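Undergrad: For reference, the file upload-v5.tsv (TSV, C-alpha atoms) is included below:
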chain	number	residue	atom	x	y	z
H	1	MET	CA	0.00	0.00	0.00
H	2	HIS	CA	1.43	3.34	-1.07
H	3	VAL	CA	0.66	6.16	1.35
H	4	THR	CA	0.98	9.66	-0.05
H	5	GLU	CA	2.07	12.88	1.61
H	6	ALA	CA	-1.48	14.16	1.12
H	7	GLN	CA	-2.72	11.28	3.29
H	8	TRP	CA	-0.13	12.07	5.98
H	9	SER	CA	-1.41	15.62	6.09
H	10	GLU	CA	-5.03	14.49	6.11
H	11	VAL	CA	-4.37	12.30	9.16
H	12	ASP	CA	-2.58	15.19	10.89
H	13	CYS	CA	-5.59	17.43	10.29
H	14	TYR	CA	-7.93	14.72	11.59
H	15	VAL	CA	-5.82	14.25	14.72
H	16	SER	CA	-5.54	18.01	15.24
H	17	ASP	CA	-9.31	18.48	15.02
H	18	LEU	CA	-10.07	15.53	17.31
H	19	LEU	CA	-7.29	15.57	19.92
H	20	VAL	CA	-5.68	19.01	19.77
H	21	GLY	CA	-8.56	21.35	18.97
H	22	GLY	CA	-8.52	25.03	18.18
H	23	ASP	CA	-6.62	27.51	20.31
H	24	ASP	CA	-6.78	31.27	19.83
H	25	HIS	CA	-3.33	32.02	21.28
H	26	LEU	CA	-1.54	29.34	19.28
H	27	ALA	CA	-3.35	30.40	16.12
H	28	ALA	CA	-2.48	34.04	16.79
H	29	ALA	CA	1.17	33.11	17.29
H	30	LEU	CA	1.30	31.48	13.86
H	31	VAL	CA	-0.47	34.42	12.21
H	32	ALA	CA	1.81	36.96	13.89
H	33	SER	CA	4.90	34.97	12.91
H	34	ASP	CA	3.74	34.77	9.29
H	35	GLU	CA	2.94	38.48	9.15
H	36	ALA	CA	6.36	39.27	10.61
H	37	GLY	CA	8.04	37.29	7.83
H	38	LEU	CA	9.26	34.38	9.91
H	39	PRO	CA	9.71	31.06	8.07
H	40	ALA	CA	6.82	28.61	8.47
H	41	ILE	CA	8.91	25.94	10.17
H	42	SER	CA	7.26	25.67	13.59
H	43	VAL	CA	6.34	22.23	14.86
H	44	SER	CA	2.89	20.98	13.88
H	45	ALA	CA	-0.02	21.10	16.30
H	46	PRO	CA	0.18	17.35	17.12
H	47	GLN	CA	3.94	17.67	17.64
H	48	GLY	CA	3.44	20.69	19.88
H	49	LYS	CA	0.94	18.81	22.01
H	50	PHE	CA	3.31	15.85	22.15
H	51	LEU	CA	6.02	18.14	23.60
H	52	SER	CA	3.57	19.52	26.14
H	53	LEU	CA	2.38	16.07	27.19
H	54	LEU	CA	5.97	14.86	27.43
H	55	ALA	CA	6.87	17.78	29.69
H	56	ARG	CA	3.89	16.98	31.90
H	57	ALA	CA	4.69	13.27	31.94
H	58	VAL	CA	8.21	13.87	33.28
H	59	GLY	CA	7.03	16.55	35.68
H	60	ALA	CA	9.28	19.14	34.08
H	61	ARG	CA	9.77	22.31	36.11
H	62	ARG	CA	12.70	23.68	34.12
H	63	ILE	CA	12.78	23.45	30.33
H	64	LEU	CA	15.53	24.51	27.92
H	65	GLU	CA	14.56	25.24	24.32
H	66	ILE	CA	17.27	25.81	21.73
H	67	GLY	CA	15.65	27.68	18.83
H	68	THR	CA	12.65	29.87	19.66
H	69	LEU	CA	11.49	31.15	16.25
H	70	GLY	CA	8.09	32.77	16.93
H	71	GLY	CA	7.46	31.00	20.22
H	72	TYR	CA	4.87	28.49	18.99
H	73	SER	CA	6.58	25.46	20.54
H	74	THR	CA	7.55	27.63	23.51
H	75	ILE	CA	3.87	28.21	24.26
H	76	TRP	CA	3.20	24.48	24.22
H	77	LEU	CA	6.13	23.83	26.56
H	78	ALA	CA	5.36	26.69	28.96
H	79	ARG	CA	1.76	25.55	29.35
H	80	ALA	CA	3.01	22.25	30.78
H	81	LEU	CA	4.88	23.95	33.63
H	82	PRO	CA	3.80	24.23	37.25
H	83	ALA	CA	3.35	27.71	38.71
H	84	ASP	CA	7.01	27.90	39.75
H	85	GLY	CA	8.30	26.54	36.43
H	86	ARG	CA	10.55	28.18	33.89
H	87	VAL	CA	11.37	27.90	30.19
H	88	VAL	CA	14.69	29.31	29.03
H	89	THR	CA	14.61	29.60	25.25
H	90	LEU	CA	17.53	30.64	23.03
H	91	GLU	CA	17.11	32.62	19.80
H	92	LEU	CA	19.77	34.05	17.50
H	93	ASP	CA	17.60	36.45	15.49
H	94	PRO	CA	16.50	39.52	17.51
H	95	HIS	CA	13.45	39.99	15.27
H	96	HIS	CA	12.34	36.42	15.89
H	97	ALA	CA	12.88	36.90	19.62
H	98	GLU	CA	10.75	40.05	19.61
H	99	VAL	CA	7.91	38.27	17.83
H	100	ALA	CA	8.16	35.34	20.25
H	101	GLU	CA	8.04	37.58	23.30
H	102	SER	CA	4.95	39.30	21.95
H	103	ASN	CA	3.27	35.94	21.28
H	104	LEU	CA	4.16	34.69	24.76
H	105	GLU	CA	2.81	37.83	26.42
H	106	ARG	CA	-0.44	37.54	24.47
H	107	ALA	CA	-0.76	33.94	25.66
H	108	GLY	CA	-0.24	35.04	29.27
H	109	LEU	CA	3.04	33.16	29.58
H	110	GLY	CA	5.61	35.93	29.56
H	111	ALA	CA	6.41	35.55	33.26
H	112	LEU	CA	7.26	31.86	32.79
H	113	VAL	CA	9.67	32.28	29.88
H	114	GLU	CA	13.09	33.86	29.52
H	115	VAL	CA	14.12	34.54	25.91
H	116	ARG	CA	17.89	34.80	25.62
H	117	ARG	CA	19.11	36.53	22.46
H	118	GLY	CA	22.35	35.67	20.69
H	119	ARG	CA	24.19	32.65	19.36
H	120	ALA	CA	22.99	29.52	21.09
H	121	THR	CA	26.57	28.31	21.52
H	122	GLU	CA	27.37	31.45	23.50
H	123	SER	CA	24.11	31.36	25.48
H	124	LEU	CA	24.71	27.73	26.39
H	125	ALA	CA	28.25	28.50	27.51
H	126	ALA	CA	26.87	31.31	29.67
H	127	LEU	CA	24.29	29.01	31.26
H	128	ILE	CA	27.01	26.49	32.08
H	129	GLU	CA	29.25	29.20	33.51
H	130	GLU	CA	26.36	30.53	35.60
H	131	ARG	CA	25.90	27.04	37.06
H	132	VAL	CA	22.14	27.27	36.57
H	133	GLU	CA	19.87	24.65	38.04
H	134	PRO	CA	19.76	21.65	35.67
H	135	PHE	CA	16.91	21.35	33.20
H	136	ASP	CA	14.34	18.54	33.23
H	137	LEU	CA	13.59	18.69	29.50
H	138	VAL	CA	15.64	20.00	26.58
H	139	PHE	CA	14.12	20.64	23.16
H	140	ILE	CA	16.68	21.23	20.38
H	141	ASP	CA	15.25	22.83	17.23
H	142	ALA	CA	17.87	25.23	15.89
H	143	ASP	CA	20.46	25.17	13.08
H	144	LYS	CA	21.12	21.51	12.41
H	145	SER	CA	24.83	21.81	11.67
H	146	SER	CA	25.43	22.88	15.28
H	147	THR	CA	23.36	20.07	16.81
H	148	PRO	CA	26.42	18.16	18.08
H	149	HIS	CA	27.44	21.19	20.15
H	150	TYR	CA	23.89	21.62	21.43
H	151	VAL	CA	23.78	17.98	22.52
H	152	THR	CA	27.11	18.24	24.34
H	153	ALA	CA	26.10	21.45	26.12
H	154	SER	CA	22.66	20.07	26.98
H	155	LEU	CA	24.26	17.13	28.77
H	156	GLU	CA	26.23	19.60	30.88
H	157	LEU	CA	22.95	21.29	31.81
H	158	SER	CA	21.07	18.09	32.64
H	159	HIS	CA	20.61	15.69	35.54
H	160	PRO	CA	19.80	11.97	35.64
H	161	GLY	CA	16.31	11.66	34.19
H	162	THR	CA	16.50	14.73	31.94
H	163	VAL	CA	14.76	14.15	28.59
H	164	VAL	CA	16.42	15.48	25.41
H	165	VAL	CA	14.40	15.83	22.19
H	166	ILE	CA	15.95	16.83	18.86
H	167	ASP	CA	13.61	17.91	16.05
H	168	ASN	CA	14.12	17.41	12.29
H	169	ALA	CA	16.47	14.53	12.97
H	170	VAL	CA	15.86	12.34	9.91
H	171	ARG	CA	16.29	15.02	7.21
H	172	ASP	CA	13.96	13.30	4.70
H	173	GLY	CA	16.01	10.13	5.18
H	174	ALA	CA	19.28	11.80	4.20
H	175	VAL	CA	20.82	11.07	7.60
H	176	ALA	CA	21.29	7.43	6.52
H	177	ASP	CA	22.91	8.41	3.20
H	178	LEU	CA	26.60	8.42	4.04
H	179	ASP	CA	27.38	10.05	0.68
H	180	ASN	CA	25.36	13.11	1.68
H	181	THR	CA	27.83	15.67	3.03
H	182	GLY	CA	25.43	18.57	3.50
H	183	ALA	CA	26.19	20.52	6.67
H	184	ASP	CA	22.77	19.90	8.24
H	185	VAL	CA	22.88	16.17	7.51
H	186	VAL	CA	26.44	15.76	8.75
H	187	GLY	CA	25.58	17.77	11.86
H	188	MET	CA	22.66	15.51	12.67
H	189	ARG	CA	24.60	12.34	11.91
H	190	THR	CA	27.43	13.51	14.17
H	191	ALA	CA	24.89	14.24	16.91
H	192	PHE	CA	23.61	10.65	16.63
H	193	GLU	CA	27.16	9.36	16.93
H	194	LEU	CA	27.65	11.44	20.07
H	195	LEU	CA	24.44	10.05	21.54
H	196	ALA	CA	25.57	6.52	20.73
H	197	ALA	CA	29.01	7.00	22.29
H	198	ASP	CA	28.20	9.01	25.42
H	199	PRO	CA	27.48	6.74	28.42
H	200	ARG	CA	25.51	9.53	30.10
H	201	ILE	CA	22.49	9.17	27.81
H	202	GLU	CA	20.41	6.47	26.12
H	203	ALA	CA	18.71	7.52	22.90
H	204	THR	CA	16.70	6.44	19.89
H	205	VAL	CA	15.25	8.03	16.76
H	206	VAL	CA	11.60	7.90	15.70
H	207	GLN	CA	10.60	8.65	12.10
H	208	THR	CA	7.50	10.79	11.56
H	209	VAL	CA	5.18	11.87	8.76
H	210	GLY	CA	2.48	14.54	8.66
H	211	VAL	CA	1.86	18.11	7.57
H	212	LYS	CA	5.60	18.78	8.06
H	213	GLY	CA	6.47	16.03	5.56
H	214	TYR	CA	8.78	13.11	6.25
H	215	ASP	CA	11.22	13.61	9.11
H	216	GLY	CA	11.62	12.43	12.70
H	217	PHE	CA	12.98	13.23	16.11
H	218	ALA	CA	15.70	11.92	18.39
H	219	PHE	CA	14.73	11.13	21.94
H	220	GLY	CA	17.11	10.49	24.79
H	221	VAL	CA	17.10	10.14	28.58
H	222	VAL	CA	20.10	11.17	30.66
H	223	SER	CA	21.15	8.26	32.85
H	224	ALA	CA	24.18	9.64	34.72
Give the structure from this file in structure tokens form.
TA:
Amino acid sequence: MHVTEAQWSEVDCYVSDLLVGGDDHLAAALVASDEAGLPAISVSAPQGKFLSLLARAVGARRILEIGTLGGYSTIWLARALPADGRVVTLELDPHHAEVAESNLERAGLGALVEVRRGRATESLAALIEERVEPFDLVFIDADKSSTPHYVTASLELSHPGTVVVIDNAVRDGAVADLDNTGADVVGMRTAFELLAADPRIEATVVQTVGVKGYDGFAFGVVSA
């Protein structure tokens, strides 16, 4: 049986209508991001709810997000927090960060989220130097070529039991094509090799389809 991309999207829409539902603040965040000229690369609604449910399942109180964009996934994550929770989200582009902060304020979540502007590598180094309290959940969704660095830094900012999720991990299947030397593909492949070699974390990769096309995410749990 051949399943088409149109069918993937149809199932995503069905799932969104049935299990996710409409949400004015999330919809407004997407509209505002589009009007501000941000790329339409946010996670899908089912993926956003998955992140939120995952954060709730692990009882996350502190969440690190690498790659804010317009704050769509940030809203999903922040909604899973307890009253004393915190999301620290890192964004390179100051325009994107401004749009995200506006979206978060509109959603009533501004007090729960800190948006750090600048290169994620530098922001991560600063967090490590500050000896911040470890994070319970890390969501990596930034430039793919730097993913190995993000993984390494995330492990420094974690504790046993921390969950690490990496988006866009499969790259339309290119990650398994060893002849593909594109920077994003090599970055993701190197990140997988780090996950496989580091005894501090156990990880796997799950392939996905839907309105975002064919891709997948890496999922790991810090063990030591």
Undergrad: Which one of H:Arg189, H:Arg61, H:Arg106, H:His2 sits closest to Ala29 of chain H if you count all atoms listed in the file?
TA: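 Checking each of H:Arg189, H:Arg61, H:Arg106, H:His2 against Ala29 of chain H, counting all atoms listed in the file, the winner is H:Arg106.
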Undergrad: Go through H:Val31, H:Ala196, H:Val3, H:Ala78 one by one, measure the shortest atom-to-atom distance of each to Ser52 of chain H using all atoms listed in the file, and give the residue with the smallest value.
TA: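 For Ser52 of chain H, the nearest of the given residues is H:Ala78.
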Undergrad: Please put the answer as JSON: centre and edge lengths, in Å with one decimal, of a box along x, y and z that encloses all listed atoms of segment 3-14 of chain H plus 5 Å on each side.
TA:
{"center_x": -2.9, "center_y": 11.8, "center_z": 5.8, "size_x": 20.0, "size_y": 21.3, "size_z": 21.6}
Undergrad: Quick one: of H:Ala57, H:Ala183, H:Val221, H:Val43, who's nearest to Ala80 of chain H, counting all atoms listed in the file?
TA: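 With all atoms listed in the file as the atom set, the closest residue is H:Ala57.
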Undergrad: From the options H:Asp198, H:Glu65, H:Asp136, H:Asp215, which residue's atoms come nearest to Asp172 of chain H, counting all atoms listed in the file?
TA: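 Distance minimum relative to Asp172 of chain H lands on H:Asp215.
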Undergrad: Give me the residues within 12 Å of Leu18 of chain H as a ChimeraX atom specification, counting all atoms listed in the file and dropping any in the same chain fewer than 6 places off.
TA: /H:11-12,45-46
Undergrad: H:Ser154, H:Thr190, H:Gln7, H:Ser102: which is nearest Leu64 of chain H, counting only C-alpha atoms?
TA: H:Ser154
Undergrad: Find the spatial neighbours of Cys13 of chain H, counting all atoms listed in the file, within a cut-off of 12 Å - ignore same-chain residues fewer than 4 positions away - and output them as a list in words.
TA: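 The filter keeps Ala6, Gln7, Trp8, Ser9, Asp17, Leu18, Leu19, Val20, Gly21, Gly22, Ser44, Ala45, Pro46, Gly210, Val211 and Lys212 of chain H.
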Undergrad: Find the residues around Ala203 of chain H up to 9 Å (all atoms listed in the file counted), leave out those fewer than 4 positions away in its own chain, and share them as a PyMOL selection string.
TA: chain H and resi 164+192+195-196+218-222
Undergrad: Find the residues around Pro160 of chain H up to 7 Å (only C-alpha atoms counted), leave out those fewer than 2 positions away in its own chain, and share them as a list in words.
TA: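 My list of contacting residues is Ser158, Thr162, Val222, Ser223 and Ala224 of chain H.
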Undergrad: Considering all atoms listed in the file, return as a list in words whatever protein or nucleic-acid residues lie within 7 Å of Ala120 of chain H, sequence-local ones (same chain, fewer than 5 positions apart) excluded.
TA: Ile66, Leu90, Glu91 and Leu92 of chain H
Undergrad: Please report the interatomic distance between atom CA of His159 of chain H and atom CA of Gly216 of chain H in Å with one decimal.
TA: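 So the two atoms, atom CA of His159 of chain H and atom CA of Gly216 of chain H, lie 24.8 Å apart.
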Undergrad: For Ile41 of chain H, which of H:Thr89, H:Thr181, H:Thr121, H:Asn168 is the closest residue, counting all atoms listed in the file?
TA: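 Closest to Ile41 of chain H of all the choices is H:Asn168.
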Undergrad: Counting only C-alpha atoms, find the residues whose atoms lie at most 6 Å from (18.7, 17.0, 15.1) (file coordinates) and write them out as JSON, numbers by chain.
TA: {"H": [144, 147, 166, 167, 168, 169, 188]}
Undergrad: So the first atom is atom CA of Ser123 of chain H and the second is atom CA of His25 of chain H; what is the distance between them in Å, to one decimal place?
TA: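 Calculated distance between atom CA of Ser123 of chain H and atom CA of His25 of chain H is 27.8 Å.
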Undergrad: Report, in Å to a single decimal, how far apart atom CA of Ile201 of chain H and atom CA of Tyr72 of chain H are.
TA: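 Straight-line distance from atom CA of Tyr72 of chain H to atom CA of Ile201 of chain H works out to 27.6 Å.
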